[in-house]
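Okay, structure first, notes after.
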Amino acid sequence: MLSSSYDYKMARHTCSACDAHRVMSLFLHRRSDMAFPLVALFFMISARWCLEVAHAGRQVFDVMDFGAIADGETDDSKAFIRAWMKACASPGRPAVVVPKGEYRLQPVVFRGPCKGYMQVRLAGDLRAPDDLAAFRGSHEWINFASIDGLLVTGGGTFDGRGASSWHLNQCPTNPNCKPLPVSIKLGRVRNVTITGVTSLDSKFFHVIIIGSQNVSIHRVTIRAPRDSPNTDGVHIQGSSNVRITDTAIATGDDCISVGPGSADITVSGVNCGPGHGISVGSLGRHPGEEDVRGLRVSNCTLAGTANGVRIKTWRGGLRPGSVVSGLVFEDIVMRKVRNPIIIDQEYCPYSSSSCRHESRPSVVKISDVKFKNIRGVSATQVAVKLSCSGASPCHGLELRDIDLTYVKRGVATESRCENVAGGMAGGMLVPPSCI
């Protein structure tokens with residue numbers, strides 16, 4: 001099966017050229033027995049040419065050929081960089097191949113632009129440094145930067161070795177903390193697919209997508225313990241046309257978080273839990289944040305999470321605030337989830353004393369948000385909480401076909417609304433709508 005139009009054209013031209021050479025060889029054969037040496041030479045040259053053309057764009061750069069040891073102890077960073085640079089300078093579809101084994105990597109940047117469509121075939125396990133001193137001057141472990149065209153696949157693992165650092169994370173209690181390193185960063189990239197790999201135990205966020213377009217996360221596994229702080233599965237910011245599909249995420253924070261400047265985001269077929277749910281935000285903490293427009297979350301299952309589908313914005317902020325609009329959450333199953341449907345425009349994850357200084361309401365404007373066909377079991381009696389801002393009430397909210405029962409039998413679930421200026425409700429509504 002041809003994998004791209006490039007491969008198809010190569011194969012077509014190769015076949016045409018080789019057919020012509022075969023015809024020429026037959027012609028010479030029929031002309032004279034004296035032509036046999038010429039035919040043999042001509043055939044060898046044309047056969048070599050055909051093979052070179054057929055394999056153009058299929059170059060393989062095995063990190064073992066560039067000095068990788070794969071013993072789990074030796075620093076293999078330089079071998080990976082050498083393989084990447086050689087592949088990046090090659091046209092076609094060059095592949096950096098990482099065979100099975102354990103590879104120790106320091107913080108590395110796989111930088112573009114590259115001449116061809118890059119591939120990383122990861123069968124082995126990559127291990128991050130345990131010591132945070134290795135990250136001086138770097139906020140990421142694996143950084144894919146300024147690349148147009150990249151496929152990461154192969155069944156391997158990015159092991160962030162987060163357990164050695166989680167106890168040093170001050171961000172859950174200190175608003176002025178220094179974040180720990182992210183495992184995988186996609187920064188200013190286009191046309192990228194990550195599929196069939198695992199991200200394990202990141203020190204901070206597992207995957208961050210920033211300033212990028214046309215990114216697909218498909219059939220990826222992301223895992224960290226329930227109590228691991230700030231280990232968001234995928235964080236999106238300043239990016240558009242991002243798709244997260246058929247992926248399993250179990251972390252100590254948001255399975256997916258959609259930050260400022262995100263547009264046209266699709267989340268489908270995601271199993272989330274444990275974790276803090278699927279969130280838009282947090283938003284409104286910093287001045288000049290860009291809008292969030294166009295998000296569809298569908299066919300997902302959340303189990304045992306601290307929240308279900310959530311929009312969270314900080315109190316206060318400078319006018320004009322950013323806009324959140326055009327969001328759809330539909331066909332979602334909740335399994336003993338706290339706060340299955342929640343808009344929280346008084347978000348503050350710190351102690352009440354740290355949050356009390358900001359009395360002004362959020363200036364983030366929320367509108368055109370639909371919650372449809374969401375069903376299952378709520379671990380909190382208030383299953384639907386729409387707590388909007390007094391300064392910018394929510395408009396255009398819709399609740400339709402909601403069926404959320406309480407985990408305690410015989411006790412009905414409830415919905416609560418605050419500062420909801422307009423909306424609609426219809427179909428089955430358990431709990432009854434407060435709009």
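Chain labels follow the order of the structure tokens: the first chain is A, the next B, and so on; residue numbering restarts at 1 in every chain, and ligands are counted from 1 in their shown order.
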Notebook entry, point to check: When DSSP works through the backbone of this structure, what residues of stretch 265-329 of chain A end up as strand (DSSP E or B), shown as a VMD selection string?
Noted result: chain A and resid 265 to 268 271 to 272 278 to 283 292 to 303 309 to 314 323 to 329
Item checked: Closest of A:Val152, A:Val220, A:Ile256, A:Ala123 to A:Asp232 - atom-to-atom distances counting only C-alpha atoms -> A:Ile256
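Atom CA of A:Gly156 to atom CA of A:Gly211 spans 26.0 Å [interatomic distance, one decimal].
Using only C-alpha atoms, the residues found no farther than 12 Å from A:Lys100, other than those of its own chain fewer than 4 positions away, are Asp62, Val63, Met64, Ala68, Ile69, Ala70, Asp71, Gly72, Arg121, Leu122, Ala123, Gly124, Asp125, Leu126, Gly154, Gly155, Gly156 and Thr157 of chain A.
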Selected residues, all heavy atoms, written as a CSV table (one decimal), in the first residue's frame, please.
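Listing of selection-v9.csv after writing:
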chain,number,residue,atom,x,y,z
A,62,ASP,N,19.1,4.7,12.1
A,62,ASP,CA,19.0,4.0,13.4
A,62,ASP,C,19.9,4.6,14.4
A,62,ASP,O,21.1,4.8,14.2
A,62,ASP,CB,19.4,2.5,13.1
A,62,ASP,CG,19.1,1.6,14.3
A,62,ASP,OD1,19.3,2.0,15.5
A,62,ASP,OD2,18.7,0.4,14.1
A,63,VAL,N,19.4,5.0,15.6
A,63,VAL,CA,20.2,5.6,16.6
A,63,VAL,C,21.4,4.8,17.0
A,63,VAL,O,22.4,5.3,17.5
A,63,VAL,CB,19.4,6.1,17.8
A,63,VAL,CG1,18.3,7.1,17.4
A,63,VAL,CG2,18.7,4.8,18.5
A,64,MET,N,21.3,3.5,16.9
A,64,MET,CA,22.4,2.6,17.3
A,64,MET,C,23.6,2.8,16.3
A,64,MET,O,24.8,2.7,16.7
A,64,MET,CB,22.0,1.1,17.2
A,64,MET,CG,20.8,0.8,18.1
A,64,MET,SD,21.1,1.1,19.9
A,64,MET,CE,22.2,-0.3,20.3
A,68,ALA,N,24.3,5.2,20.0
A,68,ALA,CA,23.5,4.9,21.1
A,68,ALA,C,23.9,3.5,21.7
A,68,ALA,O,24.2,2.6,21.0
A,68,ALA,CB,22.0,4.9,20.8
A,69,ILE,N,23.8,3.4,23.1
A,69,ILE,CA,24.2,2.1,23.8
A,69,ILE,C,22.9,1.4,24.2
A,69,ILE,O,22.9,0.1,24.2
A,69,ILE,CB,25.1,2.5,25.0
A,69,ILE,CG1,26.3,3.3,24.5
A,69,ILE,CG2,25.5,1.2,25.7
A,69,ILE,CD1,27.2,2.6,23.5
A,70,ALA,N,21.9,2.1,24.6
A,70,ALA,CA,20.6,1.4,25.0
A,70,ALA,C,20.8,0.5,26.2
A,70,ALA,O,20.1,-0.6,26.2
A,70,ALA,CB,20.0,0.7,23.8
A,71,ASP,N,21.6,0.9,27.2
A,71,ASP,CA,21.7,0.1,28.4
A,71,ASP,C,21.0,0.6,29.6
A,71,ASP,O,21.0,0.1,30.7
A,71,ASP,CB,23.2,-0.1,28.7
A,71,ASP,CG,23.9,1.2,29.0
A,71,ASP,OD1,23.3,2.2,29.0
A,71,ASP,OD2,25.1,1.1,29.3
A,72,GLY,N,20.3,1.7,29.4
A,72,GLY,CA,19.5,2.4,30.5
A,72,GLY,C,20.4,3.2,31.4
A,72,GLY,O,19.8,3.8,32.3
A,121,ARG,N,10.3,6.4,14.8
A,121,ARG,CA,9.8,5.1,15.1
A,121,ARG,C,10.4,4.6,16.4
A,121,ARG,O,11.5,4.0,16.4
A,121,ARG,CB,10.1,4.1,13.9
A,121,ARG,CG,9.6,4.5,12.6
A,121,ARG,CD,10.0,3.6,11.5
A,121,ARG,NE,9.7,4.1,10.2
A,121,ARG,CZ,10.2,3.6,9.0
A,121,ARG,NH1,11.0,2.5,9.1
A,121,ARG,NH2,9.8,4.1,7.9
A,122,LEU,N,9.7,4.8,17.4
A,122,LEU,CA,10.1,4.5,18.8
A,122,LEU,C,9.6,3.2,19.3
A,122,LEU,O,8.5,3.0,19.6
A,122,LEU,CB,9.7,5.6,19.7
A,122,LEU,CG,10.0,5.5,21.2
A,122,LEU,CD1,11.5,5.4,21.4
A,122,LEU,CD2,9.3,6.6,22.0
A,123,ALA,N,10.5,2.2,19.3
A,123,ALA,CA,10.2,0.9,19.9
A,123,ALA,C,10.7,0.7,21.3
A,123,ALA,O,10.2,-0.1,22.1
A,123,ALA,CB,10.7,-0.3,19.0
A,124,GLY,N,11.7,1.5,21.6
A,124,GLY,CA,12.4,1.4,22.9
A,124,GLY,C,11.7,2.3,24.0
A,124,GLY,O,10.7,3.0,23.7
A,125,ASP,N,12.4,2.3,25.1
A,125,ASP,CA,11.9,3.2,26.2
A,125,ASP,C,12.9,4.3,26.5
A,125,ASP,O,14.1,4.0,26.7
A,125,ASP,CB,11.7,2.3,27.5
A,125,ASP,CG,10.7,1.2,27.4
A,125,ASP,OD1,9.8,1.4,26.5
A,125,ASP,OD2,10.8,0.2,28.0
A,126,LEU,N,12.4,5.5,26.4
A,126,LEU,CA,13.3,6.7,26.7
A,126,LEU,C,13.1,7.1,28.2
A,126,LEU,O,12.0,7.1,28.7
A,126,LEU,CB,12.9,7.9,25.8
A,126,LEU,CG,12.8,7.6,24.3
A,126,LEU,CD1,12.6,8.9,23.6
A,126,LEU,CD2,14.1,6.9,23.8
A,154,GLY,N,5.4,3.7,17.0
A,154,GLY,CA,6.2,2.6,17.3
A,154,GLY,C,6.0,1.8,18.5
A,154,GLY,O,6.7,0.7,18.7
A,155,GLY,N,5.1,2.2,19.4
A,155,GLY,CA,4.9,1.4,20.6
A,155,GLY,C,5.8,1.6,21.8
A,155,GLY,O,5.6,0.9,22.8
A,156,GLY,N,6.7,2.5,21.7
A,156,GLY,CA,7.6,2.8,22.8
A,156,GLY,C,7.1,3.7,23.9
A,156,GLY,O,5.9,4.1,23.8
A,157,THR,N,8.0,4.0,24.8
A,157,THR,CA,7.6,4.8,26.0
A,157,THR,C,8.4,6.0,26.3
A,157,THR,O,9.7,5.9,26.1
A,157,THR,CB,7.6,3.9,27.2
A,157,THR,OG1,6.7,2.8,27.0
A,157,THR,CG2,7.2,4.6,28.5
Item checked: Who sits within 12 Å of A:Ser392, only C-alpha atoms, same chain under 2 positions skipped, as an NGL selection string -> :A and (313 or 315-317 or 319-324 or 345 or 360-367 or 387-390 or 394-395 or 418-421)
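The shell of residues at most 8 Å from A:Asp75, with only C-alpha atoms counted and near chain neighbours (fewer than 5 positions) removed, consists of Tyr103, Arg104, Leu105 and Gln106 of chain A.
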Next item on the list: Give me the residues within 12 Å of A:Asn271 as a ChimeraX atom specification, counting only C-alpha atoms and dropping any in the same chain fewer than 4 places off.
Entry: /A:219-223,233,244-251,255-256,267,275,277-278,297-305,308,332-335
Next item on the list: Please identify which residues in stretch 117-361 of chain A DSSP calls helix (DSSP H, G or I) from the backbone, and express them as a list in words.
Entry: Leu132, Ala133, Ala134, Phe135, Gly162, Ala163, Ser164, Trp166, His167, Leu168, Ser352, Ser353, Ser354 and Cys355 of chain A
For the residues in that selection, give me all heavy atoms as a short mmCIF file (atom, residue, chain, number, x, y, z; two decimals), in the first residue's frame.
data_model
loop_
_atom_site.label_atom_id
_atom_site.label_comp_id
_atom_site.auth_asym_id
_atom_site.auth_seq_id
_atom_site.Cartn_x
_atom_site.Cartn_y
_atom_site.Cartn_z
N LEU A 132 16.77 17.06 38.85
CA LEU A 132 16.30 18.29 38.21
C LEU A 132 17.45 19.19 37.78
O LEU A 132 17.26 20.08 36.94
CB LEU A 132 15.37 19.05 39.16
CG LEU A 132 14.01 18.42 39.43
CD1 LEU A 132 13.22 19.27 40.41
CD2 LEU A 132 13.23 18.24 38.14
N ALA A 133 18.63 18.99 38.32
CA ALA A 133 19.78 19.80 37.91
C ALA A 133 20.08 19.63 36.42
O ALA A 133 20.65 20.52 35.79
CB ALA A 133 21.00 19.43 38.74
N ALA A 134 19.68 18.51 35.85
CA ALA A 134 19.91 18.27 34.43
C ALA A 134 19.08 19.20 33.55
O ALA A 134 19.35 19.35 32.36
CB ALA A 134 19.60 16.81 34.08
N PHE A 135 18.04 19.83 34.14
CA PHE A 135 17.13 20.67 33.37
C PHE A 135 17.43 22.16 33.52
O PHE A 135 16.59 22.99 33.16
CB PHE A 135 15.69 20.40 33.80
CG PHE A 135 15.20 19.03 33.44
CD1 PHE A 135 15.38 17.96 34.29
CD2 PHE A 135 14.56 18.82 32.23
CE1 PHE A 135 14.93 16.68 33.96
CE2 PHE A 135 14.10 17.54 31.89
CZ PHE A 135 14.29 16.48 32.75
N GLY A 162 8.91 10.88 36.94
CA GLY A 162 8.40 11.96 37.78
C GLY A 162 8.42 11.70 39.27
O GLY A 162 8.47 12.65 40.06
N ALA A 163 8.39 10.43 39.67
CA ALA A 163 8.32 10.11 41.09
C ALA A 163 9.50 10.68 41.88
O ALA A 163 9.39 10.94 43.08
CB ALA A 163 8.24 8.60 41.28
N SER A 164 10.62 10.90 41.18
CA SER A 164 11.79 11.43 41.87
C SER A 164 11.67 12.92 42.17
O SER A 164 12.46 13.47 42.93
CB SER A 164 13.04 11.20 41.00
OG SER A 164 12.93 11.90 39.76
N TRP A 166 8.21 14.76 42.23
CA TRP A 166 6.88 15.26 42.60
C TRP A 166 6.86 15.91 43.98
O TRP A 166 6.14 16.90 44.19
CB TRP A 166 5.85 14.13 42.54
CG TRP A 166 5.56 13.66 41.15
CD1 TRP A 166 5.58 14.40 40.00
CD2 TRP A 166 5.23 12.32 40.76
NE1 TRP A 166 5.28 13.61 38.92
CE2 TRP A 166 5.06 12.33 39.35
CE3 TRP A 166 5.06 11.13 41.44
CZ2 TRP A 166 4.71 11.18 38.62
CZ3 TRP A 166 4.72 9.99 40.73
CH2 TRP A 166 4.55 10.01 39.34
N HIS A 167 7.65 15.41 44.89
CA HIS A 167 7.65 15.99 46.24
C HIS A 167 8.27 17.38 46.26
O HIS A 167 8.11 18.13 47.24
CB HIS A 167 8.41 15.06 47.21
CG HIS A 167 9.87 14.98 46.95
ND1 HIS A 167 10.41 14.24 45.90
CD2 HIS A 167 10.93 15.54 47.58
CE1 HIS A 167 11.73 14.35 45.90
NE2 HIS A 167 12.07 15.13 46.92
N LEU A 168 8.96 17.76 45.18
CA LEU A 168 9.56 19.10 45.09
C LEU A 168 8.64 20.11 44.42
O LEU A 168 8.97 21.29 44.34
CB LEU A 168 10.88 19.02 44.30
CG LEU A 168 11.95 18.09 44.88
CD1 LEU A 168 13.13 17.98 43.91
CD2 LEU A 168 12.41 18.60 46.24
N SER A 352 -8.15 29.17 50.93
CA SER A 352 -9.10 30.29 50.92
C SER A 352 -8.43 31.61 51.27
O SER A 352 -8.78 32.66 50.74
CB SER A 352 -10.26 30.01 51.89
OG SER A 352 -9.76 29.80 53.21
N SER A 353 -7.43 31.58 52.12
CA SER A 353 -6.74 32.81 52.49
C SER A 353 -5.97 33.39 51.31
O SER A 353 -5.86 34.61 51.15
CB SER A 353 -5.79 32.56 53.66
OG SER A 353 -4.82 31.58 53.32
N SER A 354 -5.44 32.52 50.45
CA SER A 354 -4.71 32.98 49.27
C SER A 354 -5.64 33.53 48.20
O SER A 354 -5.24 34.35 47.39
CB SER A 354 -3.88 31.83 48.69
OG SER A 354 -2.95 31.35 49.62
N CYS A 355 -6.88 33.07 48.19
CA CYS A 355 -7.82 33.48 47.16
C CYS A 355 -8.67 34.68 47.58
O CYS A 355 -9.26 35.35 46.74
CB CYS A 355 -8.75 32.32 46.81
SG CYS A 355 -7.89 30.85 46.20
#
Notebook entry, point to check: Could you work out how far atom CA of A:Ile311 lies from atom CA of A:Ser216, giving the answer in Å with one decimal?
Noted result: 22.7 Å
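If you look at atom CA of A:Phe61 and atom CA of A:Lys78, they are 13.8 Å away from each other.
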